[in-house]
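**Q** Dropping a structure here in structure tokens format, bear with me for questions.
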Amino acid sequence: MPSDFKEFDLVEVRFKGGRKDFYRNKSRLPLVTGDAVVVESAGSGWHLGHVSLKGELVRLQMKKKKVPQDSKDIRTILRVATEQDEERWQAVRDLETGTMFKARAVVDELRLKMKLSDVEYQADRTRATFFYSADDRVDFRDLIKRLADEFRVRVEMRQISLRHEAGRLGGIGSCGRELCCSTWLTDFKSVSTTAARYQNLSLNPAKLSGQCGRLKCCLNYELDTYLDALKDIPQVQRPLLTEKGEYTLQKTDIFKKKMWFAVRGDNNWVVVPTERVREVLDLNKRGEKPESLLMPVREEEKAPEVTAIVEGSLERLDDKIKASKRSKRGKKKKGSEDVAPVTASAPGPAAQARPARVLPRAPRSNCPSGHGCARRRSRPSRGGAQPPPRCRCPSPEPAGPGPG
């Protein structure tokens, strides 16, 4: 921070019920948000409040509320509150509940058509402000005399709206959270039933009204979003004419941009995008009727199959691969059966020229007949005895008669 920097000398101070006001810090006290300060009262005396905002943010807040910085109505901060000031202020606040109930009894005696909602004592106990709400103008001159004689204080009556009354009393809303008007909402804007119509809410006063008895302020929170979404939704004031019949609007989803239509007497609803609804409206204006309310189905081009892209057929390739494997297996089997062992001979020119001699196979010991076959097992008989093995060799041909 530069040495010649001067902090904004105006401070925002908060009082009971969320009431806030601006005060000038002429003494340049080192204040922090939340500090208790003693300020000048509107008439005479002093009051105690807490710092809610300081610095350049106060300048922006004053600009928002259109409060001039050089206004003569802005009072000053006297000092930082001491323990004695806070104890005295707390003792005065304890008297407010009893004072309110007694004042309500006086209002009932005088039969005044007003609702007394809250009482606020000044910290020095020289003045008491009574907050009330009423539909019509009330003559409370007799009431002020009775209250001044009863409590020995200077009485001030202040009329507030029902929304301000709910903000001062506080409470829990239907959303489960503390009321907006008692926590952060200070500027109350008018709420109309058109906000509920734009949001497709049922016009039920019990659900749309808050604790103040007026329409909920939260109906305005999402209104701008709904208005932006409604710009793309066509206005359907008459049934849509098609060759299949007249379709009447049943429901609209403004965020998904879809509309539901149905023929009279038919419970089957048809979902139509907003673009198609505009097309049908334009056709009806020209005196034309589409065949159907739905979009015409366009035939999509089928992608070529893989077999058409690859030269030849994949099945033929599979057959060729399988046939080559079978031929290789057959050659291996034939080679193992026909080839006999070759006798090794000494190297020499005669041995190289002489062809290999094929020797006959030795008889296998497996065959009981002495042939060169493998014996074949017979099935066991019912008695359990193992029969002798049978030979698979063909029976030898009978020898013919000798010569002469």
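Scheme for the structure tokens: letters A, B, ... for chains in order shown; per-chain residue numbers from 1; ligand numbers from 1 in order shown.
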What lies within 6 Å of Ala81 of chain A using only C-alpha atoms, ignoring chain neighbours under 4 positions off, as a PyMOL selection string?

**A** chain A and resi 36-38+85

**Q** Keeping N, CA, C and O atoms, export the residues of the selection given above as a PDB file, in the first residue's frame.

**A**
ATOM      1  N   ALA A  36     -18.302  -4.088  16.713  1.00  0.00           N
ATOM      2  CA  ALA A  36     -19.421  -3.331  17.273  1.00  0.00           C
ATOM      3  C   ALA A  36     -18.999  -1.880  17.428  1.00  0.00           C
ATOM      4  O   ALA A  36     -17.939  -1.583  18.009  1.00  0.00           O
ATOM      5  N   VAL A  37     -19.815  -0.963  16.900  1.00  0.00           N
ATOM      6  CA  VAL A  37     -19.494   0.471  16.934  1.00  0.00           C
ATOM      7  C   VAL A  37     -20.689   1.237  17.487  1.00  0.00           C
ATOM      8  O   VAL A  37     -21.840   0.807  17.370  1.00  0.00           O
ATOM      9  N   VAL A  38     -20.384   2.369  18.064  1.00  0.00           N
ATOM     10  CA  VAL A  38     -21.409   3.277  18.575  1.00  0.00           C
ATOM     11  C   VAL A  38     -21.554   4.417  17.573  1.00  0.00           C
ATOM     12  O   VAL A  38     -20.571   5.080  17.231  1.00  0.00           O
ATOM     13  N   ASP A  85     -20.901  -0.785  26.851  1.00  0.00           N
ATOM     14  CA  ASP A  85     -21.894  -0.451  25.818  1.00  0.00           C
ATOM     15  C   ASP A  85     -22.639  -1.699  25.343  1.00  0.00           C
ATOM     16  O   ASP A  85     -23.873  -1.663  25.165  1.00  0.00           O
TER      17      ASP A  85
END

**Q** Apply DSSP to the structure's backbone, then extract all residues of segment 43-203 of chain A labelled helix (DSSP H, G or I) and return them as a PyMOL selection string.

**A** chain A and resi 56-64+83-93+96-110+141-151+162-169+180-182+193-198

**Q** Limited to C-alpha atoms, could you put the picked residues into a file as a compact mmCIF listing (two decimals), in the first residue's frame?

**A**
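Produced file result-v2.txt, reproduced below:
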# COMPACT_ATOMS: atom_id res chain seq x y z
CA GLU A 56 -14.18 0.32 -1.80
CA LEU A 57 -17.09 -2.11 -1.63
CA VAL A 58 -19.04 0.55 0.26
CA ARG A 59 -18.52 2.95 -2.65
CA LEU A 60 -20.03 0.40 -5.05
CA GLN A 61 -22.93 -0.29 -2.68
CA MET A 62 -23.73 3.40 -2.38
CA LYS A 63 -23.61 3.75 -6.16
CA LYS A 64 -26.00 0.82 -6.49
CA GLU A 83 -17.97 -3.98 27.03
CA GLN A 84 -20.22 -1.65 29.02
CA ASP A 85 -21.89 -0.45 25.82
CA GLU A 86 -22.57 -4.02 24.69
CA GLU A 87 -23.97 -5.03 28.10
CA ARG A 88 -26.31 -2.06 28.14
CA TRP A 89 -27.41 -2.78 24.57
CA GLN A 90 -28.11 -6.43 25.44
CA ALA A 91 -30.16 -5.45 28.48
CA VAL A 92 -32.29 -3.17 26.30
CA ARG A 93 -32.85 -5.92 23.75
CA GLU A 96 -38.26 -5.76 23.43
CA THR A 97 -40.28 -9.00 23.61
CA GLY A 98 -42.32 -7.94 26.64
CA THR A 99 -42.88 -4.49 25.18
CA MET A 100 -44.27 -5.96 21.95
CA PHE A 101 -46.84 -8.15 23.71
CA LYS A 102 -48.04 -5.26 25.86
CA ALA A 103 -48.29 -3.00 22.81
CA ARG A 104 -50.38 -5.63 20.99
CA ALA A 105 -52.81 -5.69 23.92
CA VAL A 106 -53.18 -1.90 23.67
CA VAL A 107 -53.84 -2.19 19.91
CA ASP A 108 -56.60 -4.73 20.57
CA GLU A 109 -58.20 -2.43 23.14
CA LEU A 110 -58.25 0.45 20.68
CA ARG A 141 -52.48 9.12 17.76
CA ASP A 142 -54.16 7.62 20.79
CA LEU A 143 -51.91 4.59 20.52
CA ILE A 144 -48.73 6.70 20.71
CA LYS A 145 -49.98 8.44 23.86
CA ARG A 146 -50.81 5.15 25.53
CA LEU A 147 -47.45 3.59 24.64
CA ALA A 148 -45.43 6.64 25.74
CA ASP A 149 -47.17 6.67 29.15
CA GLU A 150 -46.77 2.91 29.53
CA PHE A 151 -43.02 2.55 28.69
CA LEU A 162 -45.41 -7.67 4.39
CA ARG A 163 -42.16 -8.71 2.70
CA HIS A 164 -40.10 -6.54 5.07
CA GLU A 165 -42.08 -7.95 7.96
CA ALA A 166 -41.18 -11.53 6.99
CA GLY A 167 -37.56 -10.46 6.61
CA ARG A 168 -37.47 -9.01 10.11
CA LEU A 169 -39.14 -12.01 11.71
CA CYS A 180 -33.91 -14.98 1.39
CA CYS A 181 -35.41 -11.72 2.67
CA SER A 182 -33.93 -12.31 6.15
CA THR A 193 -48.51 -14.38 -11.80
CA THR A 194 -47.10 -14.12 -15.33
CA ALA A 195 -43.79 -15.39 -13.94
CA ALA A 196 -45.54 -18.58 -12.86
CA ARG A 197 -47.28 -18.93 -16.24
CA TYR A 198 -44.03 -18.66 -18.17

**Q** Just want the 12 Å neighbourhood of Val263 of chain A, counted on only C-alpha atoms, with same-chain residues fewer than 4 positions away dropped. Output as a PyMOL selection string.

**A** chain A and resi 239-250+267-270+293

**Q** Using only C-alpha atoms, determine which residues lie at most 8 Å from segment 41-54 of chain A, disregarding the query and same-chain residues fewer than 5 positions distant; provide the list as a list in words.

**A**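 Result of the neighbour search: Phe8, Leu10, Val11, Glu12, Val13, Arg14, Phe15, Leu31, Val32, Thr33, Gly34, Asp35, Ala36, Arg75, Ala81, Asp85, Glu86, Trp89, Gln122, Ala123, Asp124 and Thr126 of chain A.
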
**Q** So what do you get for atom CA of Leu116 of chain A versus atom CA of Phe131 of chain A, distance-wise?

**A**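 It comes out at 6.1 Å.
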
**Q** Smallest atom-to-atom distance to Gln235 of chain A: which of A:Leu215, A:Asn220, A:Val80, A:Val277, using only C-alpha atoms?

**A**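 Looking at the shortest contact to Gln235 of chain A, the residue is A:Val277.
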
**Q** Within 7 Å of Phe255 of chain A, counting only C-alpha atoms, which residues show up once you throw out same-chain ones fewer than 2 positions away? Write them as a list in words, please.

**A** Ala229, Asp253 and Lys257 of chain A

**Q** Choose the residue, out of A:Val153, A:Ala134, A:Met259, A:Val119, that has the smallest atom-to-atom separation from Pro234 of chain A; count only C-alpha atoms.

**A**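 Closest to Pro234 of chain A, using only C-alpha atoms: A:Met259.
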